[in-house]
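File shown: run31.txt (compact mmCIF, C-alpha atoms).
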```txt
# COMPACT_ATOMS: atom_id res chain seq x y z
CA MET A 1 -26.82 -12.96 -9.17
CA ALA A 2 -23.71 -12.75 -6.98
CA GLU A 3 -22.00 -9.39 -6.77
CA ARG A 4 -18.72 -9.25 -8.65
CA THR A 5 -15.50 -9.11 -6.65
CA LYS A 6 -13.86 -5.68 -6.68
CA ILE A 7 -10.08 -5.43 -6.78
CA LEU A 8 -8.01 -2.26 -6.53
CA LEU A 9 -4.63 -2.16 -8.28
CA ILE A 10 -2.12 0.17 -6.64
CA TYR A 11 0.76 1.07 -8.93
CA THR A 12 3.81 2.40 -7.10
CA GLY A 13 6.33 2.01 -9.92
CA GLY A 14 8.67 -0.66 -11.17
CA THR A 15 9.18 -2.72 -14.29
CA ILE A 16 5.72 -4.30 -14.28
CA GLY A 17 4.16 -0.94 -15.01
CA MET A 18 6.37 -0.12 -17.97
CA VAL A 19 5.42 -0.55 -21.61
CA LYS A 20 7.69 -0.26 -24.59
CA ASP A 21 7.13 2.54 -27.08
CA TYR A 22 8.01 0.68 -30.27
CA GLN A 23 8.47 3.91 -32.20
CA THR A 24 11.18 5.22 -29.88
CA GLY A 25 12.30 1.97 -28.24
CA SER A 26 12.03 3.59 -24.78
CA LEU A 27 10.04 2.46 -21.77
CA ARG A 28 7.27 4.53 -20.24
CA ALA A 29 4.81 4.03 -17.40
CA PHE A 30 1.44 2.84 -18.61
CA ASP A 31 -1.79 4.61 -17.83
CA PHE A 32 -4.27 2.38 -15.99
CA LYS A 33 -6.73 2.88 -18.84
CA GLU A 34 -4.23 1.14 -21.13
CA LEU A 35 -3.97 -1.90 -18.88
CA VAL A 36 -6.75 -3.97 -20.44
CA ASN A 37 -5.43 -3.14 -23.90
CA ASN A 38 -2.02 -4.52 -22.91
CA VAL A 39 -3.45 -7.48 -21.01
CA PRO A 40 -6.78 -8.38 -22.66
CA GLU A 41 -6.84 -11.63 -20.65
CA LEU A 42 -8.00 -9.55 -17.67
CA ASN A 43 -11.44 -9.42 -19.30
CA GLN A 44 -11.80 -13.12 -18.50
CA LEU A 45 -11.48 -12.58 -14.76
CA ALA A 46 -14.75 -12.50 -12.83
CA CYS A 47 -14.01 -9.23 -11.09
CA ASP A 48 -14.18 -5.48 -11.49
CA LEU A 49 -10.80 -3.77 -11.60
CA SER A 50 -9.97 -0.23 -10.61
CA GLY A 51 -6.58 1.41 -10.41
CA VAL A 52 -4.75 4.13 -8.57
CA SER A 53 -1.18 5.22 -9.09
CA PHE A 54 1.43 7.20 -7.23
CA LYS A 55 1.48 10.66 -8.81
CA VAL A 56 5.15 10.10 -9.52
CA PRO A 57 5.89 6.37 -9.91
CA ILE A 58 9.20 5.43 -8.32
CA ASP A 59 11.96 2.94 -8.85
CA SER A 60 11.76 0.58 -5.90
CA SER A 61 15.36 1.42 -4.95
CA ASN A 62 13.96 4.80 -3.87
CA VAL A 63 11.25 3.33 -1.61
CA SER A 64 11.12 4.74 1.92
CA PRO A 65 8.76 4.46 4.90
CA LEU A 66 6.89 7.47 3.48
CA HIS A 67 5.91 5.35 0.49
CA TRP A 68 4.83 2.51 2.77
CA LYS A 69 2.65 5.03 4.59
CA ARG A 70 1.09 6.10 1.30
CA ILE A 71 0.27 2.49 0.34
CA ALA A 72 -1.22 1.81 3.79
CA GLU A 73 -3.36 4.94 3.58
CA LEU A 74 -4.62 4.04 0.10
CA ILE A 75 -5.68 0.64 1.41
CA ARG A 76 -7.31 2.17 4.49
CA ASP A 77 -9.20 4.77 2.44
CA ASN A 78 -10.50 2.10 0.07
CA TYR A 79 -10.85 -0.81 2.47
CA GLU A 80 -14.64 -0.91 2.54
CA LYS A 81 -14.98 -0.36 -1.21
CA TYR A 82 -12.90 -3.31 -2.39
CA ASP A 83 -12.58 -7.02 -1.71
CA GLY A 84 -8.84 -7.13 -2.26
CA PHE A 85 -5.75 -5.18 -3.26
CA VAL A 86 -2.89 -5.87 -5.65
CA VAL A 87 0.19 -3.68 -5.24
CA LEU A 88 2.38 -3.34 -8.33
CA HIS A 89 5.91 -2.74 -7.08
CA GLY A 90 9.50 -2.95 -8.25
CA SER A 91 11.11 -6.24 -7.30
CA ASP A 92 14.34 -4.95 -5.71
CA THR A 93 12.76 -3.86 -2.42
CA MET A 94 9.46 -5.70 -2.67
CA SER A 95 10.27 -8.00 0.27
CA TYR A 96 10.97 -4.96 2.46
CA SER A 97 7.70 -3.29 1.45
CA ALA A 98 5.61 -6.44 1.81
CA SER A 99 7.12 -7.02 5.25
CA ALA A 100 6.48 -3.43 6.31
CA LEU A 101 2.87 -3.45 5.15
CA SER A 102 2.25 -6.72 7.00
CA PHE A 103 2.97 -4.91 10.27
CA MET A 104 1.34 -1.62 9.31
CA LEU A 105 -1.95 -3.32 8.34
CA GLU A 106 -3.38 -4.89 11.47
CA ASN A 107 -6.35 -7.27 11.57
CA LEU A 108 -6.52 -7.76 7.82
CA ASP A 109 -9.39 -9.89 6.59
CA LYS A 110 -8.77 -9.20 2.89
CA PRO A 111 -5.88 -9.99 0.55
CA VAL A 112 -3.07 -7.51 -0.12
CA ILE A 113 -0.90 -9.05 -2.85
CA PHE A 114 2.43 -7.55 -3.93
CA THR A 115 3.69 -8.43 -7.38
CA GLY A 116 6.04 -7.19 -10.04
CA SER A 117 8.15 -8.50 -12.87
CA GLN A 118 11.66 -8.89 -14.18
CA LEU A 119 10.72 -7.70 -17.68
CA PRO A 120 8.33 -4.88 -18.69
CA ILE A 121 4.74 -5.73 -19.53
CA GLY A 122 5.33 -4.74 -23.15
CA ASP A 123 8.30 -7.03 -23.64
CA LEU A 124 7.82 -10.09 -25.84
CA ARG A 125 9.09 -12.49 -23.15
CA THR A 126 7.63 -10.65 -20.17
CA ASP A 127 6.75 -12.37 -16.92
CA ALA A 128 4.55 -9.41 -16.01
CA LYS A 129 1.33 -10.71 -17.53
CA GLU A 130 1.31 -14.01 -15.64
CA ASN A 131 2.29 -12.37 -12.37
CA LEU A 132 -0.39 -9.71 -12.74
CA ILE A 133 -3.20 -12.00 -13.89
CA THR A 134 -2.60 -14.65 -11.25
CA SER A 135 -2.16 -12.09 -8.46
CA ILE A 136 -5.57 -10.67 -9.30
CA GLN A 137 -7.09 -14.13 -9.55
CA ILE A 138 -5.69 -15.09 -6.14
CA ALA A 139 -7.01 -11.84 -4.67
CA THR A 140 -10.51 -12.82 -5.84
CA LEU A 141 -10.46 -16.29 -4.24
CA LYS A 142 -13.29 -16.82 -1.77
CA GLU A 143 -14.74 -19.78 0.07
CA GLU A 144 -18.32 -19.43 1.31
CA GLY A 145 -18.07 -15.70 0.65
CA VAL A 146 -14.92 -15.26 2.75
CA PRO A 147 -11.55 -14.27 1.20
CA VAL A 148 -9.12 -17.18 1.16
CA ILE A 149 -6.11 -14.88 1.60
CA GLN A 150 -6.34 -12.54 4.58
CA GLU A 151 -2.77 -11.30 4.81
CA VAL A 152 -0.04 -9.52 2.89
CA GLY A 153 1.34 -11.85 0.23
CA LEU A 154 3.97 -11.66 -2.48
CA TYR A 155 3.31 -13.39 -5.79
CA PHE A 156 6.07 -14.14 -8.27
CA GLU A 157 6.63 -16.89 -10.82
CA TYR A 158 3.79 -19.26 -9.97
CA LYS A 159 3.99 -18.95 -6.18
CA LEU A 160 2.29 -16.82 -3.57
CA TYR A 161 4.39 -16.42 -0.43
CA ARG A 162 3.71 -14.74 2.88
CA GLY A 163 5.16 -11.31 2.21
CA ASN A 164 7.12 -11.02 5.44
CA ARG A 165 8.79 -14.38 4.83
CA THR A 166 10.38 -13.54 1.48
CA THR A 167 13.81 -12.57 0.20
CA LYS A 168 14.84 -11.61 -3.32
CA LEU A 169 17.47 -14.13 -4.38
CA ASN A 170 18.02 -13.55 -8.07
CA ALA A 171 18.26 -10.49 -10.30
CA GLU A 172 18.36 -12.54 -13.51
CA HIS A 173 15.83 -15.37 -13.26
CA PHE A 174 12.05 -15.06 -13.35
CA GLU A 175 11.99 -17.09 -10.12
CA ALA A 176 13.40 -14.15 -8.21
CA PHE A 177 12.03 -14.74 -4.69
CA ALA A 178 12.19 -17.48 -2.10
CA SER A 179 10.68 -18.23 1.29
CA LEU A 180 12.87 -20.91 2.77
CA ASN A 181 11.39 -20.91 6.27
CA HIS A 182 7.72 -20.98 5.30
CA PRO A 183 5.95 -22.88 2.50
CA PRO A 184 4.10 -21.14 -0.35
CA LEU A 185 0.52 -20.16 0.39
CA VAL A 186 -0.63 -20.83 -3.16
CA GLU A 187 1.03 -22.53 -6.13
CA SER A 188 -0.18 -21.82 -9.62
CA GLY A 189 -0.34 -24.62 -12.14
CA VAL A 190 -3.27 -25.92 -14.13
CA HIS A 191 -5.19 -25.07 -10.96
CA LEU A 192 -4.52 -22.72 -8.07
CA ASN A 193 -3.47 -25.02 -5.25
CA VAL A 194 -4.02 -23.39 -1.88
CA SER A 195 -2.08 -24.62 1.17
CA HIS A 196 -4.77 -23.90 3.74
CA THR A 197 -2.59 -25.00 6.65
CA SER A 198 0.00 -22.36 5.70
CA LEU A 199 -2.39 -19.39 5.69
CA TYR A 200 -2.36 -16.73 8.38
CA ARG A 201 -5.49 -15.84 10.30
CA LYS A 202 -5.84 -13.14 12.91
CA THR A 203 -6.56 -14.48 16.38
CA ASP A 204 -9.07 -11.90 17.57
CA SER A 205 -12.15 -10.10 16.32
CA GLU A 206 -10.63 -6.62 16.33
CA SER A 207 -11.38 -4.42 13.34
CA PHE A 208 -8.89 -3.41 10.66
CA GLU A 209 -6.55 -0.51 11.39
CA ILE A 210 -3.28 0.88 10.09
CA HIS A 211 -0.10 1.95 11.85
CA THR A 212 1.95 4.53 10.00
CA LYS A 213 4.50 5.56 12.62
CA MET A 214 7.63 3.76 11.44
CA ASP A 215 10.91 4.83 13.08
CA SER A 216 13.83 4.26 10.70
CA ASN A 217 16.62 4.86 13.22
CA VAL A 218 17.81 1.29 12.66
CA ALA A 219 21.08 -0.16 11.37
CA VAL A 220 21.92 -3.58 9.98
CA LEU A 221 25.43 -4.86 10.67
CA LYS A 222 26.52 -8.00 8.85
CA LEU A 223 29.32 -9.79 10.64
CA PHE A 224 32.28 -11.00 8.60
CA PRO A 225 35.70 -12.50 9.36
CA GLY A 226 38.06 -9.62 10.06
CA ILE A 227 35.41 -7.11 11.13
CA GLY A 228 37.12 -4.44 13.18
CA GLN A 229 36.38 -2.77 16.49
CA SER A 230 36.33 0.72 14.98
CA LEU A 231 33.58 -0.26 12.54
CA VAL A 232 31.44 -1.92 15.21
CA ARG A 233 31.94 1.03 17.56
CA THR A 234 31.12 3.56 14.85
CA VAL A 235 27.87 1.79 14.03
CA CYS A 236 26.88 1.29 17.67
CA THR A 237 27.52 4.95 18.55
CA THR A 238 25.78 6.44 15.50
CA THR A 239 23.90 9.55 16.58
CA GLY A 240 20.18 8.87 16.92
CA LEU A 241 20.47 5.12 16.42
CA LYS A 242 17.85 3.22 18.41
CA ALA A 243 18.17 -0.37 17.22
CA LEU A 244 20.82 -2.60 15.68
CA ILE A 245 20.11 -5.78 13.74
CA LEU A 246 23.13 -8.07 13.91
CA GLU A 247 23.38 -10.48 10.98
CA THR A 248 25.29 -13.26 12.68
CA TYR A 249 26.72 -16.53 11.42
CA GLY A 250 24.76 -19.76 11.17
CA ALA A 251 22.49 -20.36 14.16
CA GLY A 252 23.18 -16.93 15.65
CA ASN A 253 26.90 -17.14 16.30
CA ALA A 254 29.26 -14.18 16.76
CA PRO A 255 32.94 -13.61 17.59
CA LEU A 256 34.05 -14.19 21.18
CA GLU A 257 36.68 -11.43 21.09
CA THR A 258 36.46 -9.36 24.25
CA TRP A 259 36.31 -6.09 22.34
CA PHE A 260 33.30 -7.24 20.29
CA LEU A 261 31.31 -8.42 23.28
CA THR A 262 32.21 -5.24 25.16
CA GLU A 263 31.01 -3.00 22.32
CA VAL A 264 27.68 -4.82 22.09
CA LYS A 265 27.21 -4.86 25.87
CA GLN A 266 27.97 -1.16 26.21
CA ALA A 267 25.59 -0.37 23.35
CA ILE A 268 22.79 -2.23 25.13
CA GLU A 269 23.60 -0.42 28.38
CA ARG A 270 23.25 2.89 26.50
CA GLY A 271 19.72 1.85 25.52
CA LEU A 272 20.31 0.42 22.04
CA PHE A 273 17.97 -2.43 21.11
CA VAL A 274 20.00 -5.27 19.58
CA ILE A 275 18.47 -8.10 17.55
CA ASN A 276 20.20 -11.32 16.50
CA VAL A 277 19.23 -12.65 13.05
CA THR A 278 21.06 -15.20 10.95
CA GLN A 279 22.69 -14.08 7.72
CA CYS A 280 21.74 -17.46 6.23
CA ILE A 281 18.71 -17.34 3.94
CA GLY A 282 17.23 -20.38 5.66
CA GLY A 283 17.29 -21.71 9.19
CA SER A 284 16.97 -20.09 12.58
CA VAL A 285 18.87 -18.41 15.38
CA GLN A 286 19.25 -20.87 18.25
CA PRO A 287 20.78 -18.99 21.20
CA GLY A 288 23.10 -21.06 23.36
CA GLN A 289 23.39 -23.96 20.95
CA TYR A 290 27.05 -23.00 20.50
CA GLU A 291 29.37 -21.14 22.84
CA THR A 292 29.64 -18.39 20.21
CA SER A 293 25.98 -17.47 20.67
CA ARG A 294 25.70 -17.89 24.43
CA GLU A 295 27.23 -14.51 25.25
CA LEU A 296 24.67 -12.64 23.13
CA MET A 297 21.88 -14.62 24.77
CA GLU A 298 23.13 -13.71 28.24
CA MET A 299 23.23 -10.03 27.25
CA GLN A 300 19.49 -10.31 26.50
CA VAL A 301 19.94 -9.64 22.80
CA ALA A 302 16.56 -10.20 21.11
CA ASN A 303 16.26 -13.57 19.39
CA GLY A 304 15.25 -13.13 15.74
CA LYS A 305 14.55 -16.86 15.39
CA ASP A 306 13.83 -17.61 11.70
CA ILE A 307 12.85 -14.08 10.66
CA THR A 308 14.31 -12.62 7.47
CA THR A 309 16.47 -9.51 7.64
CA GLU A 310 13.88 -7.62 5.57
CA SER A 311 11.13 -8.55 8.01
CA ALA A 312 13.32 -7.88 11.05
CA LEU A 313 14.02 -4.39 9.75
CA ALA A 314 10.35 -3.64 9.14
CA LYS A 315 9.28 -5.12 12.48
CA THR A 316 11.92 -3.10 14.32
CA MET A 317 10.76 0.15 12.67
CA TYR A 318 7.18 -0.73 13.58
CA LEU A 319 8.02 -1.48 17.24
CA LEU A 320 10.23 1.59 17.61
CA GLY A 321 7.20 3.64 16.62
CA LYS A 322 5.46 2.35 19.74
CA ASN A 323 8.07 3.68 22.22
CA LEU A 324 8.47 0.40 24.09
CA SER A 325 10.81 -0.20 27.00
CA ALA A 326 13.79 -2.52 26.52
CA LEU A 327 11.99 -5.43 28.19
CA GLU A 328 8.80 -4.79 26.22
CA PHE A 329 10.68 -4.50 22.93
CA LYS A 330 12.47 -7.82 23.41
CA ALA A 331 9.31 -9.61 24.52
CA VAL A 332 7.22 -8.32 21.62
CA PHE A 333 9.94 -8.78 19.01
CA GLU A 334 10.37 -12.43 19.94
CA ARG A 335 6.63 -13.05 19.48
CA SER A 336 5.13 -13.65 16.07
CA LEU A 337 2.80 -10.77 15.22
CA ARG A 338 1.88 -11.49 11.58
CA GLY A 339 3.27 -14.95 11.00
CA GLU A 340 6.77 -13.58 10.35
CA MET A 341 8.52 -16.08 12.61
CA VAL A 342 7.92 -19.37 14.36
```
Spell out the structure here as structure tokens.
Amino acid sequence: MAERTKILLIYTGGTIGMVKDYQTGSLRAFDFKELVNNVPELNQLACDLSGVSFKVPIDSSNVSPLHWKRIAELIRDNYEKYDGFVVLHGSDTMSYSASALSFMLENLDKPVIFTGSQLPIGDLRTDAKENLITSIQIATLKEEGVPVIQEVGLYFEYKLYRGNRTTKLNAEHFEAFASLNHPPLVESGVHLNVSHTSLYRKTDSESFEIHTKMDSNVAVLKLFPGIGQSLVRTVCTTTGLKALILETYGAGNAPLETWFLTEVKQAIERGLFVINVTQCIGGSVQPGQYETSRELMEMQVANGKDITTESALAKTMYLLGKNLSALEFKAVFERSLRGEMV
């Protein structure tokens, strides 16, 4: 008889872990022991579930790199005991956390699935049950004894995406996330339809390890018509700042005003790493396609290609933790490490 798949649920906080107390009308965090009582359908899954929770569950708006470190360490400490992991997380910063964990967990050969919900698990119209059940089911998928998913994913409203390719688009609809530059890994319908050509696989035989040194001395500056020199200068000269992610227009375009180009150039000369990402939710930076992007290209600003801002932020924190030189940083940033860019 085949051994049952073992899945560890990691509850960090968020709406999915809340149940309604119908006597008081208030929401409270559920105890893992109550989970099967609230979602009896879990008994139909061919796996053994265990759970661990942050001692103090947090709203995802309060998530920091310290919480990412805690999730990574929980996965590391339980890596040999379980076949897969499902992280229950608030939706507001889930794309940031899924992106960060994709870089922190190197050489994964097991699934790490982030999921959450827009409504609490005890709500009559909740989306939490479907998201939870299907996330667990996807985490148990194997072919010839090998996990189908071997990366950090994000499951929401019938679709599993690569975690570091996602952005939260909607605070109102159940279909809250999108991945415009990479297709879904799995779509849930009557059957689970896996897009095998979209899955990520590590390219070497190195063993699993985690990286927990994330340097958060990063800023994100979104360009807008009328942006002023004093604002750009203030951001670029922020004490301790090591990297700046520029959210540019369209295919990586920026103003040609002399003062703007001078501020960026001087920042680079002072040792600031600058990355060019598009503020569009789909598409890619294409340096030099237009005159308005050529200047940044010639300054050796790192090309973010089709990376999301959430993933660019996480990747930058990860690379800053490695103390790379300017040339090394640019070269490594422009290379796909976990399938986060083309």
| said: Give me, as a PyMOL selection string, all polymer residues having an atom no more than 10 Å from stretch 227-232 of chain A, counting all atoms listed in the file and skipping those fewer than 6 positions away in the same chain. | reply: chain A and resi 221+255+257+259-260+262-264
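With all atoms listed in the file as the atoms that count, the minimum distance from A:Ser198 to the choices A:Gly271, A:Glu144, A:Phe114, A:Gly339 is reached by A:Gly339.
Here atom CA of A:Tyr158 is placed at a distance of 21.3 Å from atom CA of A:Leu49.
When the distance limit is 8 Å and only C-alpha atoms are what count, the residues near stretch 280-294 of chain A, minus those fewer than 3 positions from it on the same chain, are Thr167, Leu180, Asn181, Tyr249, Gly250, Ala251, Gly252, Asn253, Ala254, Pro255, Leu256, Asn276, Val277, Met297, Glu298, Asn303, Gly304, Lys305, Asp306, Ile307 and Thr308 of chain A.
Comparing A:Tyr161, A:Phe54, A:Tyr79, A:Tyr318 by their smallest distance to A:Ser95, the closest is A:Tyr161 (using all atoms listed in the file).
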Excluding A:Phe156 and residues on its chain fewer than 2 positions from it, collect all residues at most 7 Å away from it, counting all atoms listed in the file, and give them as a tab-separated table (two decimals) with C-alpha atoms, keeping the file's coordinate frame.
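around-v7.tsv written:
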```tsv
chain	number	residue	atom	x	y	z
A	115	THR	CA	3.69	-8.43	-7.38
A	131	ASN	CA	2.29	-12.37	-12.37
A	154	LEU	CA	3.97	-11.66	-2.48
A	158	TYR	CA	3.79	-19.26	-9.97
A	159	LYS	CA	3.99	-18.95	-6.18
A	160	LEU	CA	2.29	-16.82	-3.57
A	175	GLU	CA	11.99	-17.09	-10.12
A	177	PHE	CA	12.03	-14.74	-4.69
```
| request: Find, counting all atoms listed in the file, the residue in A:Asp48, A:Glu209, A:Asp215, A:Glu80 that gets nearest to A:Leu66. | output: A:Asp215
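The space separating atom CA of A:Leu319 from atom CA of A:Asp109 comes to 22.1 Å.
Atom pair atom CA of A:Phe333 / atom CA of A:Phe208 has a distance of 21.3 Å (rounded to one decimal).
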| task | Anything within 6 Å of (17.2, -2.9, 27.0): list those residues as number ranges by chain, counting all atoms listed in the file and sticking to the file's coordinates. | result | A: 268, 271, 273, 326-327
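Closest to A:Leu74 among A:Ser188, A:Thr126, A:Ser53, A:Ser216 is A:Ser53, based on all atoms listed in the file.
Here the question is which of A:Ala171, A:Asn323, A:Glu340, A:Met317 gets nearest to A:Gly153 using only C-alpha atoms, and that residue is A:Glu340.
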| query | Can you tell me, as a PyMOL selection string, what residues are no more than 8 Å from A:Ser179 when counting only C-alpha atoms, ignoring any on the same chain fewer than 4 positions away? | reply | chain A and resi 161-162+165-167+183-184
Using the file's own x, y and z axes, what box holds all listed atoms of stretch 240-257 of chain A with 8 Å on each side, keeping edges along x, y and z, and what are its centre and edge lengths in Å to one decimal, as JSON?
```
{"center_x": 27.3, "center_y": -5.7, "center_z": 16.1, "size_x": 34.8, "size_y": 45.2, "size_z": 26.2}
```
| Shortest interatomic distance to A:Lys6 - which of A:Pro40, A:Gly51, A:Gly321, A:Pro57, counting all atoms listed in the file | A:Gly51
| field | Non-local contacts of A:Lys69 (10 Å; all atoms listed in the file; under 2 positions in same chain excluded) as a PyMOL selection string | value | chain A and resi 64-67+71-75+100-101+104+210-214
| Around (17.1, 3.7, 14.8) in the file's frame, which residues reach within 7 Å when counting only C-alpha atoms? Return as a PyMOL selection string? | chain A and resi 215-219+240-243
Could the residues in this selection be written to a file with C-alpha atoms, as a CSV table (one decimal), in the frame of the given file?
```csv
chain,number,residue,atom,x,y,z
A,215,ASP,CA,10.9,4.8,13.1
A,216,SER,CA,13.8,4.3,10.7
A,217,ASN,CA,16.6,4.9,13.2
A,218,VAL,CA,17.8,1.3,12.7
A,219,ALA,CA,21.1,-0.2,11.4
A,240,GLY,CA,20.2,8.9,16.9
A,241,LEU,CA,20.5,5.1,16.4
A,242,LYS,CA,17.8,3.2,18.4
A,243,ALA,CA,18.2,-0.4,17.2
```
